[in-house]
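Asks: One file: upload-v7.txt (compact mmCIF, C-alpha atoms).
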# COMPACT_ATOMS: atom_id res chain seq x y z
CA MET A 1 16.41 12.61 17.15
CA GLU A 2 17.71 9.10 17.68
CA ASN A 3 21.27 8.61 16.50
CA ILE A 4 21.37 5.79 13.95
CA SER A 5 24.83 4.68 12.86
CA PHE A 6 25.78 3.47 9.38
CA GLU A 7 26.34 0.08 10.93
CA ASP A 8 22.75 0.00 12.25
CA VAL A 9 21.40 0.82 8.80
CA PHE A 10 23.53 -1.94 7.27
CA GLU A 11 22.52 -4.53 9.87
CA GLY A 12 18.90 -3.41 9.55
CA LYS A 13 18.92 -4.04 5.81
CA LEU A 14 20.37 -7.52 6.27
CA ALA A 15 17.78 -8.30 8.95
CA LYS A 16 14.99 -7.28 6.57
CA ASN A 17 16.51 -9.32 3.74
CA GLU A 18 17.16 -6.16 1.76
CA MET A 19 20.03 -5.95 -0.71
CA ILE A 20 23.20 -3.95 -0.20
CA GLU A 21 24.10 -1.81 -3.23
CA PRO A 22 27.52 -0.42 -4.26
CA LYS A 23 26.94 3.10 -2.91
CA ASP A 24 25.59 1.89 0.45
CA TRP A 25 27.82 2.06 3.48
CA MET A 26 29.26 -1.37 4.30
CA PRO A 27 31.75 -2.67 6.87
CA GLU A 28 35.28 -2.93 5.48
CA ASN A 29 35.39 -6.67 6.16
CA TYR A 30 32.17 -7.23 4.24
CA ARG A 31 33.70 -5.41 1.27
CA LYS A 32 36.92 -7.43 1.54
CA HIS A 33 35.09 -10.71 1.88
CA LEU A 34 33.01 -9.94 -1.23
CA ILE A 35 36.02 -8.88 -3.30
CA ARG A 36 37.75 -12.13 -2.38
CA GLN A 37 34.72 -14.34 -3.01
CA ILE A 38 33.49 -12.69 -6.22
CA SER A 39 36.96 -12.47 -7.75
CA GLN A 40 37.74 -16.10 -6.89
CA HIS A 41 34.45 -16.98 -8.54
CA ALA A 42 35.38 -14.94 -11.63
CA HIS A 43 38.85 -16.51 -11.80
CA SER A 44 37.24 -19.96 -11.60
CA GLU A 45 35.09 -19.20 -14.63
CA ILE A 46 38.12 -18.03 -16.60
CA ILE A 47 40.42 -20.90 -15.57
CA GLY A 48 37.46 -23.24 -16.06
CA MET A 49 37.67 -22.57 -19.79
CA LEU A 50 41.03 -24.36 -19.96
CA PRO A 51 40.19 -28.02 -19.15
CA GLU A 52 37.28 -27.90 -21.61
CA GLY A 53 39.16 -25.91 -24.22
CA ASN A 54 41.49 -28.90 -24.30
CA TRP A 55 38.78 -30.87 -26.15
CA ILE A 56 37.40 -28.30 -28.61
CA THR A 57 39.69 -29.40 -31.43
CA ARG A 58 39.09 -33.08 -30.62
CA ALA A 59 35.33 -33.13 -30.09
CA PRO A 60 33.90 -36.31 -31.69
CA SER A 61 31.35 -34.53 -33.94
CA LEU A 62 30.59 -31.10 -35.35
CA ARG A 63 27.54 -30.92 -33.06
CA ALA A 64 29.68 -31.72 -30.01
CA LYS A 65 32.18 -29.09 -31.12
CA VAL A 66 29.76 -26.19 -31.54
CA VAL A 67 28.15 -27.08 -28.21
CA LEU A 68 31.50 -27.12 -26.42
CA LEU A 69 32.52 -23.83 -28.05
CA ALA A 70 29.25 -22.22 -26.90
CA LYS A 71 29.75 -23.55 -23.39
CA VAL A 72 33.33 -22.30 -23.11
CA GLN A 73 32.23 -18.91 -24.48
CA ASP A 74 29.56 -18.79 -21.76
CA GLU A 75 32.18 -19.45 -19.08
CA GLY A 76 34.20 -16.51 -20.38
CA GLY A 77 31.06 -14.38 -20.24
CA HIS A 78 30.37 -15.48 -16.66
CA GLY A 79 33.88 -14.46 -15.69
CA LEU A 80 33.25 -11.00 -17.15
CA TYR A 81 29.89 -10.55 -15.35
CA LEU A 82 31.62 -11.43 -12.09
CA TYR A 83 34.66 -9.20 -12.64
CA THR A 84 32.40 -6.20 -13.20
CA ALA A 85 30.41 -7.12 -10.07
CA ALA A 86 33.68 -7.16 -8.08
CA GLU A 87 34.73 -3.85 -9.63
CA THR A 88 31.66 -2.14 -8.12
CA LEU A 89 33.44 -2.65 -4.76
CA GLY A 90 36.30 -0.36 -5.79
CA VAL A 91 38.88 -2.78 -7.17
CA SER A 92 40.20 -2.46 -10.74
CA ARG A 93 40.11 -5.11 -13.45
CA ASP A 94 43.89 -4.94 -13.84
CA GLU A 95 44.36 -5.53 -10.13
CA LEU A 96 42.05 -8.54 -10.20
CA LEU A 97 43.77 -10.05 -13.23
CA ASN A 98 47.17 -9.36 -11.77
CA ASN A 99 46.23 -11.25 -8.60
CA LEU A 100 45.21 -14.23 -10.71
CA HIS A 101 48.27 -14.15 -12.93
CA THR A 102 50.76 -13.90 -10.09
CA GLY A 103 49.08 -16.74 -8.18
CA LYS A 104 48.05 -14.43 -5.34
CA ALA A 105 44.34 -15.11 -5.88
CA LYS A 106 42.76 -18.55 -5.75
CA TYR A 107 40.28 -20.25 -8.05
CA SER A 108 38.22 -23.42 -7.64
CA SER A 109 40.36 -26.49 -6.87
CA ILE A 110 38.40 -28.53 -9.42
CA PHE A 111 40.10 -26.96 -12.44
CA ASN A 112 43.48 -28.33 -11.40
CA TYR A 113 42.45 -31.83 -12.47
CA PRO A 114 43.13 -32.94 -16.05
CA THR A 115 40.48 -33.79 -18.65
CA LEU A 116 41.94 -37.05 -19.97
CA THR A 117 39.14 -38.46 -22.15
CA TRP A 118 36.00 -37.23 -23.90
CA ALA A 119 33.98 -38.73 -21.03
CA ASP A 120 35.62 -36.14 -18.78
CA ILE A 121 33.86 -33.42 -20.76
CA GLY A 122 30.58 -35.20 -19.98
CA ALA A 123 31.50 -35.56 -16.31
CA VAL A 124 32.61 -31.92 -16.02
CA GLY A 125 29.35 -30.60 -17.49
CA TRP A 126 27.18 -32.96 -15.47
CA LEU A 127 28.98 -32.99 -12.09
CA VAL A 128 31.13 -29.86 -11.96
CA ASP A 129 28.54 -27.57 -13.51
CA GLY A 130 25.88 -29.37 -11.48
CA ALA A 131 27.73 -28.57 -8.26
CA ALA A 132 28.38 -25.01 -9.42
CA ILE A 133 24.66 -24.52 -10.15
CA MET A 134 23.75 -25.73 -6.66
CA ASN A 135 26.06 -23.13 -5.17
CA GLN A 136 24.98 -20.42 -7.59
CA VAL A 137 21.25 -20.94 -7.11
CA MET A 138 21.87 -20.12 -3.45
CA LEU A 139 24.01 -17.10 -4.37
CA GLN A 140 21.15 -15.59 -6.40
CA ARG A 141 19.80 -14.52 -3.00
CA SER A 142 23.15 -13.19 -1.83
CA SER A 143 22.97 -9.88 0.05
CA TYR A 144 25.13 -7.90 -2.41
CA GLY A 145 23.00 -6.64 -5.31
CA PRO A 146 25.51 -6.78 -8.19
CA TYR A 147 26.64 -10.30 -7.18
CA SER A 148 23.09 -11.52 -6.88
CA ARG A 149 22.13 -10.07 -10.28
CA ALA A 150 25.18 -11.64 -11.96
CA MET A 151 24.16 -14.98 -10.42
CA VAL A 152 20.62 -14.76 -11.79
CA ARG A 153 22.01 -14.28 -15.29
CA ILE A 154 24.57 -17.05 -14.85
CA CYS A 155 22.06 -19.58 -13.51
CA LYS A 156 19.84 -19.07 -16.55
CA GLU A 157 22.76 -20.03 -18.77
CA GLU A 158 24.23 -22.86 -16.69
CA SER A 159 21.30 -25.21 -17.10
CA PHE A 160 22.34 -25.97 -20.69
CA HIS A 161 25.84 -26.78 -19.46
CA GLN A 162 24.73 -29.48 -17.08
CA ARG A 163 22.25 -31.01 -19.53
CA GLN A 164 24.81 -31.23 -22.33
CA GLY A 165 27.22 -32.97 -19.93
CA TYR A 166 24.63 -35.53 -18.91
CA GLU A 167 23.75 -36.12 -22.56
CA ILE A 168 27.39 -37.01 -23.28
CA MET A 169 27.31 -39.41 -20.30
CA THR A 170 24.12 -41.11 -21.54
CA HIS A 171 25.64 -41.66 -24.99
CA LEU A 172 28.69 -43.30 -23.44
CA ALA A 173 26.90 -45.22 -20.67
CA PHE A 174 24.45 -46.77 -23.16
CA GLY A 175 27.10 -47.25 -25.84
CA THR A 176 29.70 -50.00 -26.27
CA LYS A 177 31.40 -51.74 -23.36
CA ASP A 178 34.49 -49.60 -23.84
CA GLN A 179 32.42 -46.41 -23.86
CA LYS A 180 30.66 -47.40 -20.66
CA GLU A 181 33.99 -48.12 -19.00
CA MET A 182 35.21 -44.72 -20.09
CA ALA A 183 32.14 -43.12 -18.49
CA GLN A 184 32.70 -45.05 -15.24
CA ASP A 185 36.37 -44.08 -15.21
CA ALA A 186 35.46 -40.39 -15.58
CA LEU A 187 32.91 -40.67 -12.76
CA ASN A 188 35.52 -42.36 -10.56
CA ARG A 189 37.98 -39.56 -11.09
CA TRP A 190 35.53 -36.60 -10.82
CA TRP A 191 33.27 -37.72 -7.95
CA TYR A 192 35.43 -36.67 -4.99
CA PRO A 193 36.97 -33.56 -6.60
CA THR A 194 33.43 -32.37 -7.35
CA MET A 195 32.43 -32.82 -3.71
CA MET A 196 35.42 -30.69 -2.70
CA MET A 197 33.96 -27.80 -4.70
CA PHE A 198 31.59 -26.94 -1.84
CA GLY A 199 34.62 -26.18 0.32
CA PRO A 200 35.94 -27.64 3.57
CA PRO A 201 33.61 -29.07 6.23
CA ASP A 202 31.70 -26.41 8.18
CA SER A 203 33.80 -27.16 11.26
CA GLU A 204 36.97 -26.17 9.38
CA SER A 205 35.76 -23.44 7.07
CA PRO A 206 37.38 -20.15 8.10
CA ASN A 207 35.22 -17.86 5.97
CA SER A 208 31.82 -19.52 6.36
CA GLU A 209 30.74 -17.84 9.56
CA ASN A 210 30.98 -14.30 8.23
CA ALA A 211 29.53 -15.31 4.88
CA MET A 212 26.45 -16.69 6.63
CA LYS A 213 26.16 -13.78 9.06
CA TRP A 214 26.25 -11.27 6.21
CA ARG A 215 23.90 -13.39 4.09
CA ILE A 216 26.49 -13.54 1.31
CA LYS A 217 25.90 -17.28 1.52
CA ARG A 218 22.57 -18.74 2.59
CA GLU A 219 23.56 -22.36 3.12
CA THR A 220 26.68 -24.00 4.52
CA ASN A 221 29.26 -26.07 2.62
CA ASP A 222 28.06 -29.29 4.25
CA GLN A 223 24.39 -28.59 3.51
CA LEU A 224 25.14 -28.01 -0.17
CA ARG A 225 27.37 -31.09 -0.37
CA GLN A 226 24.64 -33.26 1.14
CA ARG A 227 22.07 -31.94 -1.33
CA PHE A 228 24.45 -32.55 -4.23
CA VAL A 229 24.94 -36.20 -3.26
CA ASP A 230 21.22 -36.76 -2.68
CA GLN A 231 20.38 -35.30 -6.07
CA THR A 232 23.15 -36.96 -8.06
CA VAL A 233 22.90 -40.59 -6.93
CA LYS A 234 19.76 -41.31 -8.92
CA GLN A 235 21.35 -39.76 -12.01
CA VAL A 236 24.29 -42.15 -11.59
CA GLU A 237 21.93 -45.10 -11.15
CA TYR A 238 20.02 -44.22 -14.31
CA LEU A 239 23.27 -44.44 -16.26
CA GLY A 240 23.94 -47.89 -14.81
CA LEU A 241 27.18 -46.58 -13.31
CA ILE A 242 28.48 -46.97 -9.76
CA VAL A 243 29.28 -44.16 -7.32
CA PRO A 244 32.90 -44.81 -6.27
CA ASP A 245 32.04 -44.90 -2.57
CA GLU A 246 31.55 -48.18 -0.69
CA ASN A 247 30.01 -46.33 2.23
CA LEU A 248 27.29 -44.66 0.22
CA LYS A 249 24.05 -45.67 1.92
CA TRP A 250 20.55 -44.21 2.20
CA ASN A 251 19.87 -42.97 5.71
CA GLU A 252 16.13 -42.90 6.33
CA ALA A 253 16.51 -40.98 9.60
CA LYS A 254 18.18 -37.96 7.99
CA ASN A 255 16.36 -38.43 4.68
CA GLY A 256 19.62 -38.33 2.80
CA TYR A 257 22.65 -40.42 1.93
CA ASP A 258 25.57 -41.21 4.21
CA PHE A 259 28.76 -40.89 2.18
CA THR A 260 32.54 -40.73 2.42
CA GLU A 261 34.00 -37.24 2.69
CA PRO A 262 36.54 -36.30 0.03
CA ASN A 263 40.22 -36.39 0.96
CA TRP A 264 40.72 -33.01 2.61
CA VAL A 265 44.50 -33.35 2.67
CA GLU A 266 44.45 -33.60 -1.13
CA PHE A 267 42.15 -30.57 -1.21
CA LYS A 268 44.56 -28.48 0.88
CA ASN A 269 47.42 -29.56 -1.32
CA ILE A 270 45.62 -28.45 -4.44
CA ILE A 271 44.54 -25.07 -3.17
CA SER A 272 48.09 -24.42 -2.05
CA GLY A 273 49.29 -24.92 -5.62
CA ASN A 274 50.32 -28.57 -5.72
CA GLY A 275 47.52 -30.19 -7.73
CA PRO A 276 48.12 -32.15 -10.96
CA CYS A 277 47.57 -29.12 -13.24
CA ASN A 278 48.08 -25.97 -11.13
CA LYS A 279 51.27 -24.89 -12.90
CA GLU A 280 49.93 -25.72 -16.35
CA ARG A 281 46.70 -23.75 -15.77
CA LEU A 282 48.46 -20.66 -14.48
CA ALA A 283 51.01 -20.78 -17.30
CA ALA A 284 48.24 -21.14 -19.93
CA ARG A 285 46.30 -18.20 -18.44
CA ASN A 286 49.39 -16.00 -18.36
CA LYS A 287 50.25 -16.94 -21.93
CA ALA A 288 46.71 -16.14 -23.10
CA HIS A 289 46.88 -12.76 -21.39
CA ASP A 290 50.34 -11.96 -22.78
CA ASP A 291 49.40 -13.14 -26.27
CA GLY A 292 46.37 -10.84 -26.13
CA LYS A 293 48.47 -7.80 -25.32
CA TRP A 294 48.75 -6.66 -28.94
CA VAL A 295 44.97 -6.92 -29.32
CA ARG A 296 44.39 -4.59 -26.36
CA GLU A 297 47.00 -2.20 -27.70
CA ALA A 298 45.56 -2.29 -31.21
CA ALA A 299 42.04 -1.67 -29.88
CA GLN A 300 43.29 1.28 -27.88
CA ALA A 301 45.18 2.73 -30.86
CA PHE A 302 42.17 2.20 -33.11
CA ALA A 303 39.86 3.97 -30.65
CA LYS A 304 42.25 6.91 -30.52
CA LYS A 305 42.46 7.13 -34.32
CA ARG A 306 38.69 6.90 -34.68
CA SER A 307 38.16 9.69 -32.14
CA GLU A 308 40.56 11.91 -34.12
CA ILE A 309 38.62 11.24 -37.30
CA TYR A 310 35.36 12.17 -35.51
CA ALA A 311 36.96 15.33 -34.14
CA ALA A 312 38.17 16.39 -37.58
CA ALA A 313 34.83 15.75 -39.29
CA MET B 1 49.12 0.01 -12.59
CA SER B 2 47.27 1.54 -15.54
CA ASP B 3 43.96 0.06 -16.55
CA ASN B 4 44.62 -1.39 -19.98
CA GLN B 5 41.09 -2.76 -20.28
CA GLY B 6 39.54 0.60 -21.22
CA PRO B 7 36.87 2.54 -19.33
CA VAL B 8 33.69 0.98 -17.88
CA TRP B 9 30.38 1.21 -19.75
CA GLU B 10 26.90 0.48 -18.42
CA VAL B 11 24.70 -1.66 -20.65
CA PHE B 12 20.93 -1.33 -21.03
CA LEU B 13 18.84 -3.83 -22.98
CA GLN B 14 15.42 -3.62 -24.55
CA LYS B 15 13.90 -7.07 -24.65
CA LYS B 16 11.25 -6.33 -27.29
CA ALA B 17 10.23 -3.22 -29.22
CA GLY B 18 7.96 -1.09 -27.07
CA GLN B 19 9.41 -2.23 -23.74
CA PRO B 20 11.60 -0.08 -21.50
CA PHE B 21 15.40 -0.35 -21.54
CA VAL B 22 16.65 -2.16 -18.45
CA HIS B 23 20.15 -2.10 -16.97
CA CYS B 24 21.75 -5.51 -17.38
CA GLY B 25 25.40 -5.02 -16.37
CA SER B 26 28.63 -3.37 -17.37
CA LEU B 27 31.79 -3.99 -19.36
CA HIS B 28 35.10 -2.49 -20.45
CA ALA B 29 35.73 -1.03 -23.91
CA PHE B 30 37.96 1.60 -25.51
CA ASP B 31 35.22 3.47 -27.36
CA LYS B 32 31.47 3.53 -27.96
CA GLU B 33 31.48 1.31 -31.06
CA MET B 34 33.53 -1.38 -29.32
CA ALA B 35 31.35 -1.02 -26.22
CA LEU B 36 28.27 -1.73 -28.33
CA GLU B 37 29.84 -4.79 -29.97
CA ASN B 38 31.13 -6.10 -26.65
CA ALA B 39 27.66 -5.61 -25.15
CA ARG B 40 26.14 -7.63 -27.97
CA ASP B 41 28.65 -10.46 -27.47
CA LEU B 42 28.42 -10.46 -23.70
CA TYR B 43 24.75 -9.79 -22.95
CA THR B 44 22.78 -11.07 -25.95
CA ARG B 45 24.09 -14.56 -26.69
CA ARG B 46 20.54 -15.95 -26.53
CA GLY B 47 18.32 -13.28 -28.06
CA GLU B 48 17.92 -11.42 -24.75
CA GLY B 49 17.41 -8.12 -26.51
CA CYS B 50 16.51 -6.32 -29.74
CA SER B 51 18.19 -3.00 -28.90
CA ILE B 52 21.14 -1.94 -26.75
CA TRP B 53 22.23 1.30 -25.08
CA VAL B 54 25.78 1.70 -23.80
CA VAL B 55 26.62 4.64 -21.54
CA PRO B 56 30.01 5.60 -20.09
CA SER B 57 29.79 4.67 -16.44
CA ASN B 58 31.18 8.01 -15.31
CA ALA B 59 28.40 9.84 -17.19
CA ILE B 60 25.76 8.42 -14.86
CA VAL B 61 24.57 10.67 -12.07
CA ALA B 62 23.08 8.75 -9.15
CA SER B 63 21.26 9.75 -6.00
CA SER B 64 23.11 8.74 -2.88
CA PRO B 65 21.70 6.25 -0.38
CA GLU B 66 22.41 8.48 2.64
CA ASP B 67 20.04 11.12 1.24
CA PHE B 68 17.30 8.57 0.63
CA GLY B 69 14.96 10.09 3.22
CA PRO B 70 15.22 13.84 2.59
CA PHE B 71 15.70 13.40 -1.18
CA PHE B 72 12.37 11.64 -1.74
CA GLU B 73 10.55 13.20 1.20
CA PRO B 74 8.71 15.99 -0.71
CA SER B 75 6.43 13.47 -2.42
CA ASN B 76 5.70 11.30 0.59
CA ASP B 77 2.93 13.44 2.10
CA LYS B 78 1.04 14.13 -1.13
CA VAL B 79 -1.64 11.48 -0.98
CA TYR B 80 -3.79 13.60 -3.30
CA ARG B 81 -1.52 12.48 -6.17
CA HIS B 82 -3.11 9.03 -5.98
CA PRO B 83 -6.49 8.20 -7.53
CA THR B 84 -7.73 6.51 -4.34
CA PHE B 85 -7.70 9.93 -2.59
CA TYR B 86 -10.92 10.92 -4.39
CA GLN B 87 -14.51 9.92 -3.65
CA ILE B 88 -16.54 8.93 -6.69
CA PRO B 89 -20.29 8.09 -6.38
CA ASP B 90 -21.00 4.32 -6.47
CA ALA B 91 -23.57 4.90 -9.21
CA ILE B 92 -20.78 5.90 -11.59
CA GLY B 93 -19.03 2.52 -11.29
CA HIS B 94 -15.44 2.16 -12.37
CA MET B 95 -13.58 5.32 -13.29
If you convert what's in this file into structure tokens, what do you get?
Replies:
Amino acid sequence: MENISFEDVFEGKLAKNEMIEPKDWMPENYRKHLIRQISQHAHSEIIGMLPEGNWITRAPSLRAKVVLLAKVQDEGGHGLYLYTAAETLGVSRDELLNNLHTGKAKYSSIFNYPTLTWADIGAVGWLVDGAAIMNQVMLQRSSYGPYSRAMVRICKEESFHQRQGYEIMTHLAFGTKDQKEMAQDALNRWWYPTMMMFGPPDSESPNSENAMKWRIKRETNDQLRQRFVDQTVKQVEYLGLIVPDENLKWNEAKNGYDFTEPNWVEFKNIISGNGPCNKERLAARNKAHDDGKWVREAAQAFAKKRSEIYAAA
Amino acid sequence: MSDNQGPVWEVFLQKKAGQPFVHCGSLHAFDKEMALENARDLYTRRGEGCSIWVVPSNAIVASSPEDFGPFFEPSNDKVYRHPTFYQIPDAIGHM
């Protein structure tokens, strides 16, 4: 009988576009790469609640408030789907949270920018969630089953997020002069940070090669960034706003826009902890976790008491 | 480091009465009642289901991928379990 190694089976599945499931054999580096990527993704959802949470108590109407609450609740849910997907790879929830709280693990650079005005909530939903969706639509076909299934669920829910953001932008862009200026200001501040969300250029992306080889990712950072720009420009134009990039120009030959790359030095600074809000975000997350300690303890004590009552009955 | 999130539960949802329960994900909870409430909050925010099962993850017994071949092999050569194995006269039509 021919001797087929675990590695051959794994490679064979990838070649046939089949999914890898938790109990399947997988190379140690594939497992490590997934734990890093999925947990970073989960942390981003959780930290992502903070810039928007900032506006829940100051939303301009009851409608805006319930919408924002629902959106932030969804982000929390997305974090939980992703944590459980990561846990199927043999890492514990406590370990994952501990890595976030101690600053050992990273999350998306975008959440280290402040949300200064209500227009920022529009821009975050429209641009940041828009960029996230573009990435996540691709990840629905990721080679790891639990990650792919979490993505399918998340993508279904994200569409409302982007639409509500664009709705806020339309109200402002077609409102008073001041409102329109506020919308333009938010676009100016969020445009380049949003483009950074796809990660460094392919030529400088250390993890991209493996991610593509293992079909964890299906498209490169630069491909996704290009698609994001091509798709978003007409949405900006509809609002009567201006993309803050003098070099933005349609390029017939490549059937896409030429555009200015974001400032990659700024990007590196932010992911190494020196963005405008890094310290604030990490402190807020740690405080939320510490403040929730009594709830976890109470739930545990309550479960114990209830089990004793059942046992006695 | 102790896991202070509680054990893992698997969640199964029934979309509509009469349909099968389908696995939709997992979560942490300290007991079955809390698991059920957490499942409702986490997996049915948009009417995705009308009934939920939660099962302790460690209660699930699963076949292992390495045994895929030999484990399912006994049924692979039994073509006579399929309706197309049998010849029915044309005159009878659909059966």
Asks: Counting all atoms listed in the file, give me one row per residue of region 125-200 of chain A with an atom at most 12 Å from an atom of region 42-48 of chain B, showing the shortest contact pair and its distance in Å to one decimal, sorted by chain then residue number, as JSON lines.
Replies:
{"residue": "A:Ala150", "atom": "CA", "partner": "B:Tyr43", "partner_atom": "CA", "distance": 11.2}
{"residue": "A:Arg153", "atom": "CA", "partner": "B:Tyr43", "partner_atom": "CA", "distance": 9.3}
{"residue": "A:Ile154", "atom": "CA", "partner": "B:Tyr43", "partner_atom": "CA", "distance": 10.9}
{"residue": "A:Lys156", "atom": "CA", "partner": "B:Arg46", "partner_atom": "CA", "distance": 10.5}
{"residue": "A:Glu157", "atom": "CA", "partner": "B:Arg46", "partner_atom": "CA", "distance": 9.0}
{"residue": "A:Phe160", "atom": "CA", "partner": "B:Arg46", "partner_atom": "CA", "distance": 11.7}
Asks: May I have the residues of chain A within 10 Å of chain B, counting all atoms listed in the file, written as a VMD selection string?
Replies: chain A and resid 6 9 21 to 25 70 73 to 74 76 to 78 80 to 85 87 to 88 92 to 95 98 146 149 to 150 153 157 293 296 to 297 299 to 304 306 to 307
Asks: Would you compute the distance between CA of His101 (chain A) and CA of Leu282 (chain A)? Give it in Å to one decimal.
Replies: 6.7 Å
Asks: Counting all atoms listed in the file, which of A:Asp258, A:Glu252, A:Glu266, A:Glu181 gets nearest to Arg227 (chain A)?
Replies: A:Asp258
Asks: Could all heavy atoms be built for region 135-142 of chain A and written out as a compact mmCIF listing (two decimals), keeping the file's coordinate frame?
Replies:
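What landed in rebuild-v4.txt:
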# COMPACT_ATOMS: atom_id res chain seq x y z
N ASN A 135 25.48 -24.24 -5.91
CA ASN A 135 26.06 -23.13 -5.17
C ASN A 135 25.50 -21.79 -5.68
O ASN A 135 25.14 -20.91 -4.92
CB ASN A 135 27.58 -23.18 -5.38
CG ASN A 135 28.32 -22.25 -4.46
OD1 ASN A 135 27.91 -22.05 -3.32
ND2 ASN A 135 29.39 -21.66 -4.95
N GLN A 136 25.38 -21.69 -6.99
CA GLN A 136 24.98 -20.42 -7.59
C GLN A 136 23.50 -20.12 -7.41
O GLN A 136 23.11 -18.96 -7.33
CB GLN A 136 25.41 -20.39 -9.06
CG GLN A 136 26.93 -20.31 -9.16
CD GLN A 136 27.50 -20.47 -10.55
OE1 GLN A 136 28.62 -20.10 -10.79
NE2 GLN A 136 26.74 -21.05 -11.47
N VAL A 137 22.68 -21.16 -7.35
CA VAL A 137 21.25 -20.94 -7.11
C VAL A 137 21.10 -20.26 -5.74
O VAL A 137 20.34 -19.31 -5.58
CB VAL A 137 20.47 -22.27 -7.17
CG1 VAL A 137 19.10 -22.14 -6.52
CG2 VAL A 137 20.32 -22.72 -8.62
N MET A 138 21.87 -20.74 -4.77
CA MET A 138 21.87 -20.12 -3.45
C MET A 138 22.35 -18.66 -3.51
O MET A 138 21.77 -17.78 -2.88
CB MET A 138 22.77 -20.93 -2.51
CG MET A 138 23.12 -20.21 -1.23
SD MET A 138 24.44 -21.01 -0.33
CE MET A 138 25.88 -20.57 -1.29
N LEU A 139 23.41 -18.44 -4.31
CA LEU A 139 24.01 -17.10 -4.37
C LEU A 139 23.12 -16.07 -5.09
O LEU A 139 23.37 -14.88 -5.00
CB LEU A 139 25.38 -17.17 -5.03
CG LEU A 139 26.46 -17.89 -4.22
CD1 LEU A 139 27.72 -18.10 -5.06
CD2 LEU A 139 26.80 -17.13 -2.94
N GLN A 140 22.08 -16.54 -5.79
CA GLN A 140 21.15 -15.59 -6.40
C GLN A 140 20.49 -14.73 -5.33
O GLN A 140 20.03 -13.63 -5.60
CB GLN A 140 20.04 -16.33 -7.17
CG GLN A 140 20.51 -17.00 -8.44
CD GLN A 140 19.36 -17.66 -9.17
OE1 GLN A 140 18.88 -17.15 -10.17
NE2 GLN A 140 18.92 -18.79 -8.68
N ARG A 141 20.42 -15.26 -4.10
CA ARG A 141 19.80 -14.52 -3.00
C ARG A 141 20.86 -13.89 -2.08
O ARG A 141 20.57 -13.52 -0.95
CB ARG A 141 18.88 -15.44 -2.20
CG ARG A 141 17.68 -15.93 -3.01
CD ARG A 141 16.79 -16.85 -2.20
NE ARG A 141 17.49 -18.09 -1.83
CZ ARG A 141 17.57 -18.57 -0.59
NH1 ARG A 141 17.02 -17.91 0.42
NH2 ARG A 141 18.20 -19.70 -0.35
N SER A 142 22.07 -13.79 -2.59
CA SER A 142 23.15 -13.19 -1.83
C SER A 142 22.83 -11.73 -1.51
O SER A 142 22.11 -11.08 -2.25
CB SER A 142 24.42 -13.26 -2.67
OG SER A 142 25.49 -12.68 -1.98
